[in-house]
>>> print(open('my_file_10.csv').read())   # CSV, C-alpha atoms and all ligand atoms
chain,number,residue,atom,x,y,z
A,1,MET,CA,0.4,52.7,-130.3
A,2,PRO,CA,0.9,52.6,-134.1
A,3,SER,CA,2.1,55.9,-135.5
A,4,SER,CA,0.0,57.8,-138.0
A,5,ARG,CA,0.7,57.4,-141.7
A,6,PRO,CA,2.3,60.9,-142.2
A,7,ALA,CA,4.5,60.4,-139.2
A,8,ARG,CA,5.7,57.1,-140.6
A,9,ARG,CA,6.4,58.8,-143.9
A,10,VAL,CA,8.5,61.4,-142.2
A,11,ALA,CA,10.4,58.7,-140.3
A,12,ALA,CA,11.0,56.8,-143.5
A,13,ALA,CA,12.2,59.9,-145.3
A,14,LEU,CA,14.5,60.7,-142.3
A,15,ALA,CA,15.9,57.2,-142.3
A,16,GLY,CA,16.6,57.7,-146.1
A,17,VAL,CA,18.5,60.9,-145.4
A,18,LEU,CA,20.5,59.3,-142.7
A,19,LEU,CA,21.4,56.4,-145.0
A,20,VAL,CA,22.5,58.6,-147.8
A,21,SER,CA,24.6,60.8,-145.5
A,22,ALA,CA,26.2,57.7,-143.9
A,23,SER,CA,27.2,56.3,-147.2
A,24,LEU,CA,28.4,59.7,-148.3
A,25,SER,CA,30.6,60.2,-145.3
A,26,SER,CA,32.1,56.7,-145.6
A,27,SER,CA,32.9,57.3,-149.2
A,28,VAL,CA,34.6,60.6,-148.2
A,29,GLN,CA,36.5,58.8,-145.5
A,30,ALA,CA,37.7,55.8,-147.5
A,31,ARG,CA,40.4,57.3,-149.5
A,32,GLU,CA,43.1,55.8,-151.7
A,33,LEU,CA,46.3,57.7,-152.4
A,34,SER,CA,48.6,56.8,-155.2
A,35,VAL,CA,52.3,56.2,-154.3
A,36,SER,CA,55.0,56.2,-157.0
A,37,THR,CA,58.2,54.2,-156.8
A,38,VAL,CA,60.9,53.5,-159.3
A,39,LEU,CA,61.7,50.0,-158.2
A,40,SER,CA,59.1,47.2,-157.4
A,41,ASP,CA,58.8,45.2,-154.3
A,42,ALA,CA,61.4,42.7,-155.6
A,43,PHE,CA,63.8,45.4,-154.2
A,44,PRO,CA,64.0,46.9,-150.7
A,45,TRP,CA,62.8,50.3,-152.2
A,46,GLY,CA,59.5,48.8,-153.3
A,47,GLN,CA,59.2,46.9,-150.1
A,48,ALA,CA,59.5,50.1,-148.2
A,49,ALA,CA,56.5,51.5,-150.0
A,50,GLU,CA,54.5,48.3,-149.5
A,51,LYS,CA,55.4,48.3,-145.8
A,52,TRP,CA,54.1,51.9,-145.6
A,53,ALA,CA,50.9,50.9,-147.4
A,54,ASP,CA,50.4,47.8,-145.1
A,55,LEU,CA,50.8,49.9,-141.9
A,56,VAL,CA,48.5,52.6,-143.1
A,57,ALA,CA,45.7,50.2,-144.2
A,58,GLU,CA,46.0,48.3,-140.9
A,59,ARG,CA,46.0,51.4,-138.6
A,60,SER,CA,43.2,53.2,-140.5
A,61,ASP,CA,41.0,50.1,-140.6
A,62,GLY,CA,41.0,50.6,-144.4
A,63,ASP,CA,39.7,54.1,-144.3
A,64,LEU,CA,43.0,55.4,-145.8
A,65,THR,CA,44.8,53.2,-148.2
A,66,LEU,CA,48.0,53.6,-150.3
A,67,ARG,CA,48.2,52.0,-153.7
A,68,VAL,CA,51.8,51.6,-154.9
A,69,TYR,CA,52.6,52.0,-158.6
A,70,PRO,CA,56.1,50.7,-159.2
A,71,ASN,CA,58.5,51.0,-162.2
A,72,SER,CA,57.9,54.8,-162.6
A,73,GLN,CA,54.7,53.9,-164.4
A,74,LEU,CA,52.9,57.1,-163.3
A,75,VAL,CA,55.5,59.1,-165.1
A,76,ASN,CA,55.9,56.8,-168.2
A,77,GLY,CA,59.2,55.5,-167.0
A,78,ASP,CA,60.8,58.9,-166.6
A,79,GLN,CA,61.9,58.9,-163.0
A,80,THR,CA,63.3,62.4,-163.1
A,81,ARG,CA,59.7,63.7,-163.6
A,82,GLU,CA,58.4,62.0,-160.4
A,83,PHE,CA,58.8,65.0,-158.2
A,84,SER,CA,57.1,67.4,-160.6
A,85,ALA,CA,54.2,65.0,-161.0
A,86,MET,CA,53.8,64.8,-157.2
A,87,ARG,CA,54.0,68.5,-156.8
A,88,SER,CA,51.4,69.1,-159.4
A,89,GLY,CA,49.1,66.4,-157.9
A,90,LEU,CA,49.2,63.9,-160.8
A,91,ILE,CA,50.7,61.6,-158.1
A,92,ASP,CA,49.5,61.8,-154.5
A,93,ALA,CA,52.7,60.5,-152.8
A,94,ALA,CA,56.0,58.8,-153.5
A,95,VAL,CA,58.9,56.9,-152.0
A,96,GLY,CA,61.5,58.5,-154.1
A,97,SER,CA,65.3,58.8,-154.5
A,98,THR,CA,67.2,62.0,-153.8
A,99,ILE,CA,68.9,61.5,-157.2
A,100,ASN,CA,65.7,61.4,-159.1
A,101,TRP,CA,64.3,64.5,-157.4
A,102,SER,CA,67.5,66.5,-157.6
A,103,PRO,CA,66.7,68.1,-160.9
A,104,GLN,CA,63.8,70.0,-159.2
A,105,VAL,CA,65.3,70.2,-155.7
A,106,PRO,CA,69.0,71.1,-156.1
A,107,GLU,CA,69.6,70.8,-152.4
A,108,LEU,CA,69.2,67.0,-152.8
A,109,ASN,CA,72.5,67.0,-154.7
A,110,LEU,CA,74.1,67.1,-151.3
A,111,PHE,CA,73.9,63.3,-151.1
A,112,SER,CA,75.5,62.9,-154.6
A,113,LEU,CA,78.6,64.9,-153.8
A,114,PRO,CA,81.3,62.4,-154.6
A,115,PHE,CA,83.0,60.8,-151.6
A,116,PHE,CA,81.4,63.2,-149.1
A,117,MET,CA,79.6,60.8,-146.7
A,118,PRO,CA,82.0,57.9,-146.1
A,119,ASP,CA,79.8,55.5,-144.3
A,120,VAL,CA,76.3,54.8,-142.9
A,121,GLU,CA,77.1,56.6,-139.7
A,122,ALA,CA,77.8,59.8,-141.7
A,123,VAL,CA,74.6,59.3,-143.7
A,124,ASP,CA,72.5,58.9,-140.5
A,125,ALA,CA,74.2,61.9,-139.0
A,126,VAL,CA,73.2,64.0,-142.0
A,127,THR,CA,69.6,62.7,-142.5
A,128,GLY,CA,69.0,62.9,-138.7
A,129,GLY,CA,70.8,66.2,-138.2
A,130,ALA,CA,70.6,69.9,-139.1
A,131,ALA,CA,71.3,69.3,-142.8
A,132,GLY,CA,68.5,66.7,-143.0
A,133,GLU,CA,66.1,69.3,-141.6
A,134,ARG,CA,67.2,71.9,-144.1
A,135,ILE,CA,66.8,69.3,-146.9
A,136,PHE,CA,63.2,68.6,-145.7
A,137,GLU,CA,62.6,72.3,-145.7
A,138,ALA,CA,63.8,72.6,-149.2
A,139,ILE,CA,61.4,69.8,-150.3
A,140,ALA,CA,58.6,71.4,-148.4
A,141,SER,CA,59.2,74.8,-150.0
A,142,ARG,CA,58.5,73.2,-153.4
A,143,GLY,CA,55.0,72.0,-152.6
A,144,VAL,CA,55.7,68.5,-151.3
A,145,VAL,CA,55.5,67.4,-147.7
A,146,PRO,CA,58.5,65.1,-146.7
A,147,LEU,CA,57.7,62.6,-144.0
A,148,ALA,CA,60.6,60.1,-143.5
A,149,TRP,CA,63.8,58.7,-144.9
A,150,GLY,CA,64.5,55.4,-146.4
A,151,GLU,CA,67.6,54.1,-148.2
A,152,ASN,CA,68.5,52.8,-151.7
A,153,GLY,CA,72.1,52.4,-150.5
A,154,PHE,CA,75.7,53.2,-151.3
A,155,ARG,CA,76.2,53.2,-155.0
A,156,GLN,CA,78.9,50.9,-156.4
A,157,LEU,CA,80.4,51.0,-159.9
A,158,SER,CA,80.1,48.2,-162.3
A,159,ASN,CA,81.3,47.7,-165.9
A,160,SER,CA,81.9,45.1,-168.6
A,161,GLN,CA,85.5,46.0,-169.6
A,162,GLY,CA,87.8,45.3,-166.7
A,163,PRO,CA,88.6,45.9,-163.0
A,164,ILE,CA,88.6,49.6,-162.0
A,165,ASP,CA,90.8,50.7,-159.1
A,166,GLU,CA,92.0,54.1,-160.4
A,167,PRO,CA,90.4,57.0,-162.3
A,168,ALA,CA,92.5,56.1,-165.4
A,169,ASP,CA,90.6,52.8,-165.6
A,170,LEU,CA,87.4,54.8,-166.3
A,171,GLU,CA,89.0,56.6,-169.3
A,172,GLY,CA,86.6,56.7,-172.2
A,173,LEU,CA,84.1,54.2,-170.6
A,174,LYS,CA,80.5,55.0,-171.4
A,175,ILE,CA,78.7,55.0,-168.0
A,176,ARG,CA,74.9,55.2,-167.6
A,177,VAL,CA,73.9,57.9,-165.1
A,178,VAL,CA,70.6,59.4,-164.0
A,179,GLY,CA,69.6,62.5,-162.0
A,180,SER,CA,70.9,66.1,-162.2
A,181,PRO,CA,73.9,67.2,-164.2
A,182,LEU,CA,76.1,66.6,-161.1
A,183,PHE,CA,76.5,63.0,-162.3
A,184,GLN,CA,77.7,64.2,-165.7
A,185,ASP,CA,80.3,66.3,-163.9
A,186,THR,CA,81.5,63.5,-161.6
A,187,PHE,CA,82.0,61.0,-164.4
A,188,THR,CA,83.5,63.5,-166.7
A,189,ALA,CA,86.0,64.5,-164.0
A,190,LEU,CA,86.9,60.9,-163.8
A,191,GLY,CA,87.6,60.7,-167.5
A,192,ALA,CA,84.6,58.6,-168.3
A,193,ASN,CA,81.9,59.3,-170.9
A,194,PRO,CA,78.6,59.6,-168.9
A,195,THR,CA,75.2,59.1,-170.6
A,196,GLN,CA,72.0,60.1,-168.9
A,197,MET,CA,69.2,57.6,-169.1
A,198,SER,CA,66.3,56.2,-167.1
A,199,TRP,CA,66.4,52.9,-165.2
A,200,ALA,CA,63.9,51.6,-167.7
A,201,ASP,CA,66.4,52.2,-170.5
A,202,ALA,CA,69.5,51.2,-168.6
A,203,LYS,CA,69.3,47.4,-168.7
A,204,PRO,CA,68.7,47.3,-172.5
A,205,ALA,CA,71.6,49.7,-173.0
A,206,LEU,CA,73.8,47.4,-170.9
A,207,THR,CA,72.6,44.4,-172.7
A,208,THR,CA,73.4,45.7,-176.2
A,209,GLY,CA,76.7,47.3,-175.0
A,210,ALA,CA,75.5,50.8,-175.8
A,211,VAL,CA,77.0,51.6,-172.4
A,212,ASP,CA,79.9,49.9,-170.7
A,213,GLY,CA,78.9,50.5,-167.1
A,214,GLN,CA,76.6,51.8,-164.5
A,215,GLU,CA,76.4,52.6,-160.8
A,216,ASN,CA,73.8,51.3,-158.3
A,217,PRO,CA,73.6,49.8,-154.8
A,218,LEU,CA,74.3,46.2,-154.2
A,219,SER,CA,70.6,45.4,-153.7
A,220,VAL,CA,69.8,46.7,-157.2
A,221,PHE,CA,72.8,45.0,-158.8
A,222,ASP,CA,71.8,41.7,-157.1
A,223,VAL,CA,68.0,41.7,-157.7
A,224,ALA,CA,68.1,43.1,-161.2
A,225,ARG,CA,70.9,40.5,-162.0
A,226,ILE,CA,73.1,43.2,-163.6
A,227,ASP,CA,75.8,40.5,-163.9
A,228,GLN,CA,73.7,38.8,-166.5
A,229,VAL,CA,74.0,41.7,-168.9
A,230,GLY,CA,77.8,41.6,-169.0
A,231,GLN,CA,78.6,43.6,-165.9
A,232,GLU,CA,81.4,41.4,-164.7
A,233,HIS,CA,83.4,43.9,-162.7
A,234,LEU,CA,82.3,45.7,-159.6
A,235,THR,CA,84.2,48.3,-157.7
A,236,LEU,CA,83.2,49.0,-154.1
A,237,TRP,CA,83.9,52.6,-153.8
A,238,ASN,CA,81.0,54.0,-151.7
A,239,TYR,CA,81.1,57.2,-153.7
A,240,MET,CA,77.7,58.3,-152.6
A,241,ASN,CA,74.7,57.0,-150.7
A,242,ASP,CA,71.2,57.4,-152.2
A,243,PRO,CA,68.6,58.0,-149.5
A,244,LEU,CA,64.9,57.6,-150.2
A,245,VAL,CA,62.3,60.1,-149.1
A,246,PHE,CA,58.6,59.3,-148.2
A,247,ALA,CA,56.6,62.3,-149.3
A,248,VAL,CA,53.0,63.5,-150.0
A,249,ASN,CA,51.6,66.3,-152.3
A,250,ARG,CA,50.8,69.3,-150.2
A,251,GLN,CA,47.1,69.7,-151.2
A,252,VAL,CA,46.6,66.1,-150.4
A,253,TRP,CA,48.3,66.5,-147.1
A,254,GLU,CA,46.2,69.5,-146.2
A,255,SER,CA,43.0,67.7,-147.1
A,256,LEU,CA,43.8,65.0,-144.5
A,257,SER,CA,42.7,65.2,-140.8
A,258,GLU,CA,45.2,65.7,-138.1
A,259,GLN,CA,44.8,62.1,-137.1
A,260,GLU,CA,45.4,60.8,-140.6
A,261,ARG,CA,48.5,62.9,-141.0
A,262,THR,CA,49.9,61.5,-137.8
A,263,LEU,CA,49.1,58.0,-138.9
A,264,LEU,CA,50.7,58.6,-142.3
A,265,ARG,CA,53.9,60.1,-140.9
A,266,ASP,CA,54.3,57.6,-138.2
A,267,ALA,CA,53.8,54.7,-140.6
A,268,ALA,CA,56.3,56.3,-143.1
A,269,GLU,CA,58.9,56.7,-140.3
A,270,GLU,CA,58.4,53.1,-139.2
A,271,ALA,CA,58.5,51.7,-142.8
A,272,GLY,CA,61.7,53.8,-143.5
A,273,ALA,CA,63.5,52.6,-140.4
A,274,TRP,CA,62.6,49.0,-141.1
A,275,GLU,CA,63.8,49.3,-144.7
A,276,ILE,CA,67.0,51.0,-143.9
A,277,ALA,CA,67.9,48.4,-141.3
A,278,MET,CA,67.0,45.6,-143.7
A,279,THR,CA,68.9,47.0,-146.7
A,280,ARG,CA,72.1,47.3,-144.6
A,281,GLU,CA,71.8,43.9,-143.0
A,282,GLU,CA,71.4,42.2,-146.4
A,283,GLU,CA,74.4,43.8,-148.0
A,284,PRO,CA,77.1,41.2,-147.0
A,285,ALA,CA,74.9,38.3,-148.3
A,286,ARG,CA,74.2,40.2,-151.5
A,287,LEU,CA,77.9,40.8,-152.1
A,288,ALA,CA,78.6,37.1,-151.4
A,289,ALA,CA,75.9,36.1,-153.9
A,290,ILE,CA,77.2,38.5,-156.5
A,291,GLN,CA,80.7,37.1,-156.1
A,292,GLU,CA,79.5,33.6,-156.3
A,293,ARG,CA,78.0,34.4,-159.7
A,294,GLY,CA,81.5,35.2,-160.9
A,295,VAL,CA,81.6,39.0,-160.7
A,296,THR,CA,85.1,40.3,-159.9
A,297,VAL,CA,84.9,42.6,-156.9
A,298,THR,CA,87.5,45.3,-156.4
A,299,GLU,CA,88.0,47.1,-153.1
A,300,LEU,CA,90.1,50.2,-152.9
A,301,ASP,CA,92.9,50.7,-150.5
A,302,GLU,CA,93.4,54.2,-148.9
A,303,ALA,CA,95.7,55.5,-151.6
A,304,GLN,CA,93.4,54.3,-154.4
A,305,HIS,CA,90.4,55.8,-152.7
A,306,GLN,CA,92.3,59.1,-152.3
A,307,ALA,CA,93.0,59.2,-156.0
A,308,PHE,CA,89.2,59.1,-156.7
A,309,VAL,CA,88.6,61.8,-154.1
A,310,GLU,CA,91.2,64.1,-155.6
A,311,ALA,CA,89.9,63.6,-159.2
A,312,THR,CA,86.4,64.7,-158.2
A,313,GLU,CA,87.3,67.6,-155.9
A,314,ALA,CA,86.2,70.2,-158.6
A,315,VAL,CA,82.7,68.7,-158.4
A,316,HIS,CA,82.4,70.0,-154.8
A,317,ASP,CA,83.5,73.5,-155.8
A,318,GLU,CA,81.1,73.6,-158.7
A,319,TRP,CA,78.1,72.1,-156.8
A,320,GLY,CA,78.5,73.6,-153.3
A,321,PRO,CA,77.0,76.9,-154.2
A,322,ARG,CA,74.1,75.2,-156.1
A,323,ILE,CA,73.3,73.0,-153.2
A,324,GLY,CA,73.8,75.9,-150.8
A,325,GLU,CA,77.0,76.3,-148.8
A,326,ALA,CA,74.9,76.5,-145.6
A,327,ILE,CA,73.5,73.0,-146.2
A,328,VAL,CA,77.0,71.6,-147.1
A,329,GLU,CA,78.4,73.2,-143.9
A,330,ALA,CA,75.5,71.9,-141.8
A,331,ALA,CA,76.2,68.4,-143.2
A,332,ARG,CA,79.9,68.7,-142.4
A,333,SER,CA,79.2,69.6,-138.8
A,334,ASP,CA,76.5,66.9,-138.5
A,335,MET,CA,79.3,64.4,-139.5
A,336,GLN,CA,81.8,65.6,-137.0
A,337,PRO,CA,82.1,63.2,-134.1
A,338,ASP,CA,81.4,65.0,-130.8
B,401,LIG,O1,67.9,54.5,-161.8
B,401,LIG,C1,68.6,54.1,-160.9
B,401,LIG,O2,69.8,53.9,-161.0
B,401,LIG,C2,67.9,53.9,-159.5
B,401,LIG,C3,67.0,52.7,-159.7
B,401,LIG,O3,68.9,53.5,-158.6
B,401,LIG,C4,67.3,55.2,-159.1
B,401,LIG,O4,66.1,55.3,-159.3
B,401,LIG,C5,68.1,56.3,-158.6
>>> encode(input="my_file_10.csv", output="structure tokens", more="lines below")
Ligand code: X2X
Amino acid sequence: MPSSRPARRVAAALAGVLLVSASLSSSVQARELSVSTVLSDAFPWGQAAEKWADLVAERSDGDLTLRVYPNSQLVNGDQTREFSAMRSGLIDAAVGSTINWSPQVPELNLFSLPFFMPDVEAVDAVTGGAAGERIFEAIASRGVVPLAWGENGFRQLSNSQGPIDEPADLEGLKIRVVGSPLFQDTFTALGANPTQMSWADAKPALTTGAVDGQENPLSVFDVARIDQVGQEHLTLWNYMNDPLVFAVNRQVWESLSEQERTLLRDAAEEAGAWEIAMTREEEPARLAAIQERGVTVTELDEAQHQAFVEATEAVHDEWGPRIGEAIVEAARSDMQPD
């Protein structure tokens, strides 16, 4: 039996309300978060962020998406402002380096203590151990939710002047550094002349010879073709490893459902583990490629290594208290073999 006109009108109005609320709820659900990185997806670091984005888009059926903004563009190239920008909500999330966040989170200088973590086993013991937990707490206490670790890699020293196998070879060399003043202290202790500048400014400064050297992982040296800007000498000294952290602004995190949080965290952990394994696997081939391009590669024997360790001991004394002795101690015991 056909319904009366008023009844039809009510039904039409109701359908309208339903339509509006359906589209409202889907626009609330479909959410895009900005993710800042320093390096693009030409590098493992940027690939880590893209992997995270792919996993999240796939698993949320597009309801939650991550949009990666590389090259520190959300902070106008100033990578040491990334953490503050994420904390204040200008950036929703980031895959960032412990070095770049260390000006705001002093505990992150743990990873930059010279010659403290000798190999990847030590790094994994720290990030996966009690010290790693404390580091995550330190990040969380500053308004940012840390989710997972990635890795930029062990940082190696390059320069345009000559092979470096002892601290005396660094005497007077202008070395580009970034991050907290710890880097100034390390390179000053080695007799060099450190200059703080962003990654965006580093390559031009190397090209013009405004600086003589820099330090970065093999993947960065290789992909950015640092050899093409006169950096013909590379010393493998593993003086520090630069882990990456996947993290989200706290208000953004709190606005997500329990399910979305789990999804975001699991995807970050997976992307991080994937990127760490890839970065490490690729290192031998990267080194070979760098050597083939004519770069002189210097490896240190035990005595040479020891000379660098001794020259930088004062940096540990100076920075231990700023990092927090409890964290440094926790890292030491994480690294002890059972
Ligand atoms: O600026 C650098 O050296 C880089 C790209 O490695 C970091 O962001 C720490």
>>> atom_distance(input="my_file_10.csv", atom1="atom CA of Arg142 of chain A", atom2="atom CA of Glu275 of chain A")
26.0 Å
>>> closest_atom_pairs(input="my_file_10.csv", of="segment 167-254 of chain A", to="segment 146-149 of chain A", cutoff="6 Å", atoms="all atoms listed in the file", output="tab-separated table")
residue	atom	partner	partner_atom	distance
A:Leu244	CA	A:Trp149	CA	5.5
A:Val245	CA	A:Trp149	CA	4.7
A:Phe246	CA	A:Ala148	CA	5.2
A:Ala247	CA	A:Pro146	CA	4.3
>>> residues_near_ligand(input="my_file_10.csv", ligand="ligand LIG 401 (chain B)", cutoff="9 Å", atoms="only C-alpha atoms and all ligand atoms", output="count of residues only")
30
>>> atom_distance(input="my_file_10.csv", atom1="atom CA of Glu254 of chain A", atom2="atom CA of Ser88 of chain A")
14.2 Å
>>> atom_distance(input="my_file_10.csv", atom1="atom CA of Gly213 of chain A", atom2="atom CA of Tyr69 of chain A")
27.7 Å
>>> closest_residue(input="my_file_10.csv", among="A:Gln336, A:Gln184, A:Lys174, A:Ala314", to="Gly209 of chain A", atoms="only C-alpha atoms")
A:Lys174
>>> closest_residue(input="my_file_10.csv", among="A:Arg286, A:Glu292, A:Gly272, A:Asp165", to="Leu236 of chain A", atoms="all atoms listed in the file")
A:Asp165
>>> residues_around(input="my_file_10.csv", residues="segment 256-266 of chain A", least_positions_apart="5", cutoff="12 Å", atoms="only C-alpha atoms", output="PyMOL selection string")
chain A and resi 28-33+49+51-66+92-93+145-149+245-251+271-273
>>> write_last_selection(input="my_file_10.csv", atoms="C-alpha atoms", output="compact mmCIF listing (two decimals), in the frame of the given file")
# COMPACT_ATOMS: atom_id res chain seq x y z
CA VAL A 28 34.60 60.60 -148.20
CA GLN A 29 36.50 58.80 -145.50
CA ALA A 30 37.70 55.80 -147.50
CA ARG A 31 40.40 57.30 -149.50
CA GLU A 32 43.10 55.80 -151.70
CA LEU A 33 46.30 57.70 -152.40
CA ALA A 49 56.50 51.50 -150.00
CA LYS A 51 55.40 48.30 -145.80
CA TRP A 52 54.10 51.90 -145.60
CA ALA A 53 50.90 50.90 -147.40
CA ASP A 54 50.40 47.80 -145.10
CA LEU A 55 50.80 49.90 -141.90
CA VAL A 56 48.50 52.60 -143.10
CA ALA A 57 45.70 50.20 -144.20
CA GLU A 58 46.00 48.30 -140.90
CA ARG A 59 46.00 51.40 -138.60
CA SER A 60 43.20 53.20 -140.50
CA ASP A 61 41.00 50.10 -140.60
CA GLY A 62 41.00 50.60 -144.40
CA ASP A 63 39.70 54.10 -144.30
CA LEU A 64 43.00 55.40 -145.80
CA THR A 65 44.80 53.20 -148.20
CA LEU A 66 48.00 53.60 -150.30
CA ASP A 92 49.50 61.80 -154.50
CA ALA A 93 52.70 60.50 -152.80
CA VAL A 145 55.50 67.40 -147.70
CA PRO A 146 58.50 65.10 -146.70
CA LEU A 147 57.70 62.60 -144.00
CA ALA A 148 60.60 60.10 -143.50
CA TRP A 149 63.80 58.70 -144.90
CA VAL A 245 62.30 60.10 -149.10
CA PHE A 246 58.60 59.30 -148.20
CA ALA A 247 56.60 62.30 -149.30
CA VAL A 248 53.00 63.50 -150.00
CA ASN A 249 51.60 66.30 -152.30
CA ARG A 250 50.80 69.30 -150.20
CA GLN A 251 47.10 69.70 -151.20
CA ALA A 271 58.50 51.70 -142.80
CA GLY A 272 61.70 53.80 -143.50
CA ALA A 273 63.50 52.60 -140.40
>>> closest_residue(input="my_file_10.csv", among="A:Gly150, A:Ile139, A:Ala131, A:Arg67", to="Met278 of chain A", atoms="all atoms listed in the file")
A:Gly150
>>> closest_residue(input="my_file_10.csv", among="A:Ala267, A:Ala192, A:Ala205, A:Ala285", to="Leu218 of chain A", atoms="all atoms listed in the file")
A:Ala285
>>> closest_residue(input="my_file_10.csv", among="A:Leu113, A:Val35, A:Met240, A:Val223", to="Glu313 of chain A", atoms="only C-alpha atoms")
A:Leu113
>>> closest_residue(input="my_file_10.csv", among="A:Phe154, A:Trp101, A:Phe183, A:Phe83", to="Ser219 of chain A", atoms="only C-alpha atoms")
A:Phe154
>>> residues_around(input="my_file_10.csv", residues="Asp334 of chain A", least_positions_apart="5", cutoff="8 Å", atoms="all atoms listed in the file", output="count of residues only")
6
>>> closest_atom_pairs(input="my_file_10.csv", of="segment 185-217 of chain A", to="segment 106-112 of chain A", cutoff="12 Å", atoms="all atoms listed in the file", output="tab-separated table")
residue	atom	partner	partner_atom	distance
A:Asp185	CA	A:Ser112	CA	11.0
A:Thr186	CA	A:Ser112	CA	9.2
A:Phe187	CA	A:Ser112	CA	11.9
